[in-house]
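*Asks:* Before we start, here is the structure in question, set down as C-alpha cells.
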Amino acid sequence: MAKFIMTEKSKSTFMEKIFYYIGKGIKPIVIRKMEKKSPGLKRAWSRLEKARDEFEKSIENLPK
C-alpha cells in the first residue's frame, strides 16, 4: 500500500475537487469508499448535499 504525505497543497486541491463535485451534484467513488470507513464523513457529505439544495432553492426564489 502506498504511503501518502498530506501537504497543505494536496489538502487544498482535494477540497477544491470535493466542492466541485458537490456543486455538480456528483458523488465520486472515492467519497463512497471513504464513507464506508467513516460514518462521520457520511453525515458531513449528507449535510453538504442538503445545504447545496437549500442554496439552489434560495437562488431560484430571488426576485428577478
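Numbering starts fresh at 1 for the residues of each chain in the C-alpha cells, the chains themselves are lettered A, B, ... in the order given, and ligands are numbered from 1 as they appear.
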Can you pull out every residue within 10 Å of A:Lys27, counting only C-alpha atoms, but drop anything in the same chain fewer than 5 positions away, and send it as a list of chain:residue names?

*Replies:*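 The filter keeps A:Ile18, A:Tyr21, A:Ile22, A:Arg32, A:Trp45, A:Glu49.
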
*Asks:* Go ahead and save the residues from that selection, with C-alpha atoms, as a PDB file, in the first residue's frame.

*Replies:*
ATOM      1  CA  ILE A  18     -14.735  17.896  -3.355  1.00  0.00           C
ATOM      2  CA  TYR A  21     -18.307  17.564  -7.143  1.00  0.00           C
ATOM      3  CA  ILE A  22     -20.754  18.896  -4.561  1.00  0.00           C
ATOM      4  CA  ARG A  32     -18.274   6.363  -1.394  1.00  0.00           C
ATOM      5  CA  TRP A  45     -21.462  14.724   2.963  1.00  0.00           C
ATOM      6  CA  GLU A  49     -25.735  17.993  -0.154  1.00  0.00           C
TER       7      GLU A  49
END

*Asks:* When you look at stretch 51-61 of chain A with a cut-off of 8 Å (counting only C-alpha atoms), what residues show up, excluding the ones that are within fewer than 3 positions of it in the same chain? I need them as a count of residues only.

*Replies:* 4

*Asks:* Enumerate the residues of chain A with a DSSP assignment of helix (DSSP H, G or I), computed from the backbone, and present them as a ChimeraX atom specification.

*Replies:* /A:8-24,29-37,39-60

*Asks:* Using Å and a single decimal, report how far atom CA of A:Arg43 sits from atom CA of A:Lys17.

*Replies:*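 So the answer is 18.7 Å.
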